[in-house]
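Below is one structure, written out as structure tokens; comments come after it.
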Amino acid sequence: METVIADMKQGIDRDAIKTAGSILKDGGLVAFPTETVYGLGADALDEQAAKRIYAAKGRPSDNPLIVHIAKIEDLYKIAESVPLKARTLAERFWPGPLTMIFRKKECVPDGTTGGLGTVAVRMPKDDIALALIEAGGGFVAAPSANTSGRPSPTKAEHVVQDMNGKIEMIIDGGEVGIGVESTIIDMSEDIPMVLRPGYINEKMLREAIGEVMVDPALFSVESGVRPKAPGMKYRHYAPKADMIIVEGADNKVISFINEKIGEALTEGRKIGVIASDETTECYSKGVIRSMGSRKDELSISKKLYSVLREFDSLGVDTIYSEAFNTPAMGQAIMNRLVKAAGHQIINV
Ligand code: AMP
Ligand code: MG
């Protein structure tokens with residue numbers, strides 16, 4: 001299959017959006033930018049179309065899809081009941097990087113929800129995404145547009161690497177603004193529970209609706225504790241290199257990593273370092289990449305997945321990463337890094 005690439009870096013191309021909408025209505029797949037990561041879209045109410053997403057990604061079929069909408073009112077067409085707290089969150093954070101889980105209505109097929117009786121819903125904040133969702137009928141199932149097991153795409157080039165020839169169209173809207181997937185909160189129980197951390201953090205949620213819980217599995221180091229979001233149990237990204245996160249005071253982290261680089265050099269091994277703008281100069285040898293400035297958390301979240309993708313192509317043996325427990329997005333960033341490292345963390 002030939003994949004058409006529609007360039008919308010300079011703005012929305014209405015004709016191409018119309019074509020993309022028809023592709024979705026005909027059961028096809030269109031990758032598109034959102035403010036979090038690129039999504040791989042299909043008509044969420046068409047079971048066969050949703051199935052094609054799983055095939056293109058190689059995604060396990062028990063991992064449900066998020067349904068994207070373009071108008072808050074449309075939530076009521078697919079959610080069985082919308083609690084007051086969910087309305088408050090929708091008014092405060094939609095369009096935006098927040099996904100909410102509800103008991104689903106009959107019209108949402110099992111193929112979209114992985115057989116669950118609940119449905120995850122989000123209204124993204126991106127003009128291209130909103131226009132595409134409307135053109136495609138209003139309900140677009142869209143997981144991240146990467147091959148399962150690879151880092152989520154934050155640029156159209158990443159989508160091309162993974163999806164070229166497998167889907168009908170890729171819309172290029174340039175680099176995304178946030179770079180990690182949406183926060184997921186389950187609104188189907190009495191006390192809402194965060195199932196995946198993201199840009200909208202616990203503090204912002206508590207300020208809006210009071211008490212929220214966090215899925216204990218997110219902090220568990222034991223692999224036996226099952227997360228409530230089926231997708232969170234998968235090690236999203238296993239770098240080809242062994243990856244280790246080094247936590248501690250800056251000077252200790254730097255000297256530990258430099259020591260490891262020294263050892264590796266004498267053994268003829270290649271080391272990668274994930275650093276920050278504040279520390280890159282402190283490492284002498286090895287392949288050093290900065291995630292961005294610690295004073296600008298979005299610069300870090302935005303670069304995270306592209307740095308991980310780059311290391312895969314560089315053929316390093318071991319990656320040492322600094323920790324990024326930044327104030328607002330630290331939980332979201334570390335959740336992805338710790339998974340990529342397969343929970344290997346050293347405290348120095
Ligand atoms: P992705 O779209 O690739 O960011 O992944 C979607 C995430 O949402 C996965 O971790 C899913 O397990 C989770 N998810 C989607 N629908 C539900 C649901 N109904 N209940 C719990 N988790 C869900
Ligand atoms: Mg994903």
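FYI, nothing fancy with the structure tokens labels: chains A, B, ... in order, residues from 1 per chain, ligands from 1 as they appear.
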List the spatial neighbours of Val67 of chain A as a VMD selection string - criterion: any atom at most 7 Å away, only C-alpha atoms, same-chain residues fewer than 6 positions off excluded.
chain A and resid 44 120 to 122 139 to 142
Ligand 2 neighbours within 7 Å using only C-alpha atoms and all ligand atoms, as a PyMOL selection string:
chain A and resi 143-144+152
Could you pull out the residues sitting within 6 Å of ligand 1, using only C-alpha atoms and all ligand atoms, and write them as a PDB file with N, CA, C and O atoms, in the first residue's frame?
```pdb
ATOM      1  N   ASN A  63      -5.277  -4.782  24.689  1.00  0.00           N
ATOM      2  CA  ASN A  63      -4.872  -3.422  25.062  1.00  0.00           C
ATOM      3  C   ASN A  63      -5.818  -2.415  24.396  1.00  0.00           C
ATOM      4  O   ASN A  63      -5.687  -2.122  23.222  1.00  0.00           O
ATOM      5  N   PRO A  64      -6.797  -1.894  25.159  1.00  0.00           N
ATOM      6  CA  PRO A  64      -7.861  -1.088  24.559  1.00  0.00           C
ATOM      7  C   PRO A  64      -7.395   0.244  23.988  1.00  0.00           C
ATOM      8  O   PRO A  64      -6.338   0.747  24.357  1.00  0.00           O
ATOM      9  N   LEU A  65      -8.224   0.803  23.101  1.00  0.00           N
ATOM     10  CA  LEU A  65      -7.883   2.043  22.403  1.00  0.00           C
ATOM     11  C   LEU A  65      -8.597   3.227  23.048  1.00  0.00           C
ATOM     12  O   LEU A  65      -9.679   3.074  23.615  1.00  0.00           O
ATOM     13  N   ILE A  66      -7.998   4.408  22.943  1.00  0.00           N
ATOM     14  CA  ILE A  66      -8.651   5.623  23.433  1.00  0.00           C
ATOM     15  C   ILE A  66      -9.497   6.189  22.294  1.00  0.00           C
ATOM     16  O   ILE A  66      -9.028   6.289  21.153  1.00  0.00           O
ATOM     17  N   ILE A 101     -11.968   7.525  31.741  1.00  0.00           N
ATOM     18  CA  ILE A 101     -12.594   6.223  31.488  1.00  0.00           C
ATOM     19  C   ILE A 101     -13.988   6.172  32.096  1.00  0.00           C
ATOM     20  O   ILE A 101     -14.190   6.577  33.242  1.00  0.00           O
ATOM     21  N   THR A 113     -12.541  -1.594  22.702  1.00  0.00           N
ATOM     22  CA  THR A 113     -12.246  -1.529  24.140  1.00  0.00           C
ATOM     23  C   THR A 113     -11.527  -2.779  24.647  1.00  0.00           C
ATOM     24  O   THR A 113     -11.404  -2.962  25.860  1.00  0.00           O
ATOM     25  N   LEU A 116     -13.468  -4.781  27.179  1.00  0.00           N
ATOM     26  CA  LEU A 116     -13.855  -4.200  28.471  1.00  0.00           C
ATOM     27  C   LEU A 116     -15.235  -3.539  28.377  1.00  0.00           C
ATOM     28  O   LEU A 116     -15.654  -3.118  27.306  1.00  0.00           O
ATOM     29  N   THR A 118     -15.788  -0.753  29.702  1.00  0.00           N
ATOM     30  CA  THR A 118     -15.517   0.681  29.848  1.00  0.00           C
ATOM     31  C   THR A 118     -14.866   1.213  28.577  1.00  0.00           C
ATOM     32  O   THR A 118     -14.329   0.449  27.778  1.00  0.00           O
ATOM     33  N   VAL A 119     -14.955   2.537  28.420  1.00  0.00           N
ATOM     34  CA  VAL A 119     -14.317   3.164  27.251  1.00  0.00           C
ATOM     35  C   VAL A 119     -13.491   4.367  27.708  1.00  0.00           C
ATOM     36  O   VAL A 119     -13.898   5.120  28.588  1.00  0.00           O
ATOM     37  N   ALA A 120     -12.316   4.522  27.111  1.00  0.00           N
ATOM     38  CA  ALA A 120     -11.446   5.660  27.412  1.00  0.00           C
ATOM     39  C   ALA A 120     -11.713   6.753  26.374  1.00  0.00           C
ATOM     40  O   ALA A 120     -11.798   6.470  25.172  1.00  0.00           O
ATOM     41  N   ALA A 142      -7.573   6.025  18.560  1.00  0.00           N
ATOM     42  CA  ALA A 142      -6.200   6.347  18.153  1.00  0.00           C
ATOM     43  C   ALA A 142      -5.197   6.061  19.261  1.00  0.00           C
ATOM     44  O   ALA A 142      -5.044   6.843  20.183  1.00  0.00           O
ATOM     45  N   PRO A 143      -4.489   4.944  19.166  1.00  0.00           N
ATOM     46  CA  PRO A 143      -3.335   4.742  20.045  1.00  0.00           C
ATOM     47  C   PRO A 143      -2.144   5.482  19.453  1.00  0.00           C
ATOM     48  O   PRO A 143      -2.255   6.060  18.363  1.00  0.00           O
ATOM     49  N   SER A 144      -1.020   5.478  20.137  1.00  0.00           N
ATOM     50  CA  SER A 144       0.169   6.106  19.573  1.00  0.00           C
ATOM     51  C   SER A 144       0.547   5.400  18.270  1.00  0.00           C
ATOM     52  O   SER A 144       0.405   4.180  18.149  1.00  0.00           O
ATOM     53  N   GLU A 181       2.418  10.600  26.465  1.00  0.00           N
ATOM     54  CA  GLU A 181       1.005  10.313  26.266  1.00  0.00           C
ATOM     55  C   GLU A 181       0.148  10.968  27.356  1.00  0.00           C
ATOM     56  O   GLU A 181       0.638  11.305  28.432  1.00  0.00           O
ATOM     57  N   LYS A 228      -4.051  -1.269  36.319  1.00  0.00           N
ATOM     58  CA  LYS A 228      -5.459  -1.294  35.918  1.00  0.00           C
ATOM     59  C   LYS A 228      -5.640  -0.956  34.435  1.00  0.00           C
ATOM     60  O   LYS A 228      -6.610  -1.362  33.824  1.00  0.00           O
ATOM     61  N   ALA A 229      -4.748  -0.154  33.855  1.00  0.00           N
ATOM     62  CA  ALA A 229      -4.814   0.078  32.405  1.00  0.00           C
ATOM     63  C   ALA A 229      -4.047  -1.062  31.742  1.00  0.00           C
ATOM     64  O   ALA A 229      -2.842  -1.205  31.955  1.00  0.00           O
ATOM     65  N   PRO A 230      -4.732  -1.906  30.970  1.00  0.00           N
ATOM     66  CA  PRO A 230      -4.075  -3.096  30.424  1.00  0.00           C
ATOM     67  C   PRO A 230      -2.753  -2.798  29.722  1.00  0.00           C
ATOM     68  O   PRO A 230      -1.801  -3.579  29.816  1.00  0.00           O
ATOM     69  N   GLY A 231      -2.676  -1.642  29.045  1.00  0.00           N
ATOM     70  CA  GLY A 231      -1.468  -1.333  28.280  1.00  0.00           C
ATOM     71  C   GLY A 231      -0.261  -1.022  29.145  1.00  0.00           C
ATOM     72  O   GLY A 231       0.883  -1.129  28.693  1.00  0.00           O
ATOM     73  N   MET A 232      -0.494  -0.637  30.407  1.00  0.00           N
ATOM     74  CA  MET A 232       0.614  -0.211  31.252  1.00  0.00           C
ATOM     75  C   MET A 232       1.480  -1.387  31.705  1.00  0.00           C
ATOM     76  O   MET A 232       2.557  -1.192  32.235  1.00  0.00           O
TER      77      MET A 232
END
```
Of the candidates A:Lys203, A:Lys18, A:Lys125, A:Lys240, which one gets nearest to Ser313 of chain A if we count only C-alpha atoms?
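Checking each candidate against Ser313 of chain A, we get A:Lys240 as the closest.
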Using DSSP on the backbone coordinates, identify the residues of segment 60-256 of chain A assigned to helix (DSSP H, G or I); present them as a PyMOL selection string.
chain A and resi 72-78+84-93+110-113+127-135+156-163+202-209+216-218+230-233+250-256
Which residues are near Ala90 of chain A? Cut-off 12 Å, only C-alpha atoms, ignore same chain within fewer than 2 positions. Put them as a CSV table (one decimal) with C-alpha atoms, in the first residue's frame.
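Dumped everything to out.csv:
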```
chain,number,residue,atom,x,y,z
A,69,ILE,CA,-13.8,13.2,20.1
A,71,LYS,CA,-17.0,18.1,20.9
A,72,ILE,CA,-17.7,17.6,24.6
A,73,GLU,CA,-21.3,16.8,23.8
A,74,ASP,CA,-20.2,13.7,21.9
A,75,LEU,CA,-19.0,12.1,25.2
A,76,TYR,CA,-22.6,11.5,26.1
A,82,VAL,CA,-20.9,10.8,33.1
A,83,PRO,CA,-20.3,11.7,36.8
A,84,LEU,CA,-20.3,15.4,37.9
A,85,LYS,CA,-16.6,15.2,38.6
A,86,ALA,CA,-15.9,14.1,35.0
A,87,ARG,CA,-17.9,17.1,33.7
A,88,THR,CA,-15.8,19.3,35.9
A,92,ARG,CA,-11.3,22.4,32.9
A,93,PHE,CA,-9.0,20.3,30.8
A,94,TRP,CA,-10.6,19.5,27.4
A,95,PRO,CA,-9.5,20.0,24.8
A,96,GLY,CA,-6.3,18.8,26.4
A,97,PRO,CA,-4.0,15.9,27.4
A,98,LEU,CA,-6.5,14.1,29.7
A,99,THR,CA,-8.2,10.8,29.0
A,100,MET,CA,-11.1,9.7,31.1
A,101,ILE,CA,-12.6,6.2,31.5
A,121,VAL,CA,-12.3,9.1,25.9
A,122,ARG,CA,-10.2,12.2,25.1
A,123,MET,CA,-10.7,15.5,23.3
A,124,PRO,CA,-7.2,16.5,22.0
A,185,ILE,CA,-8.0,8.8,35.0
A,187,MET,CA,-14.0,8.0,36.4
A,205,LEU,CA,-6.6,17.0,39.3
A,208,ALA,CA,-10.2,20.5,40.3
A,209,ILE,CA,-12.2,17.6,41.9
```
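You can rank A:Thr147, A:Gln344, A:Ser290, A:Thr19 by their closest distance to Gly39 of chain A using only C-alpha atoms, and at the top of that list sits A:Thr147.
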Can you list, as an MDAnalysis selection string, all residues belonging to segment 157-311 of chain A that DSSP tags as strand (DSSP E)?
chainID A and resid 169:172 183:186 193:196 213:214 242:247 271:275 287:290
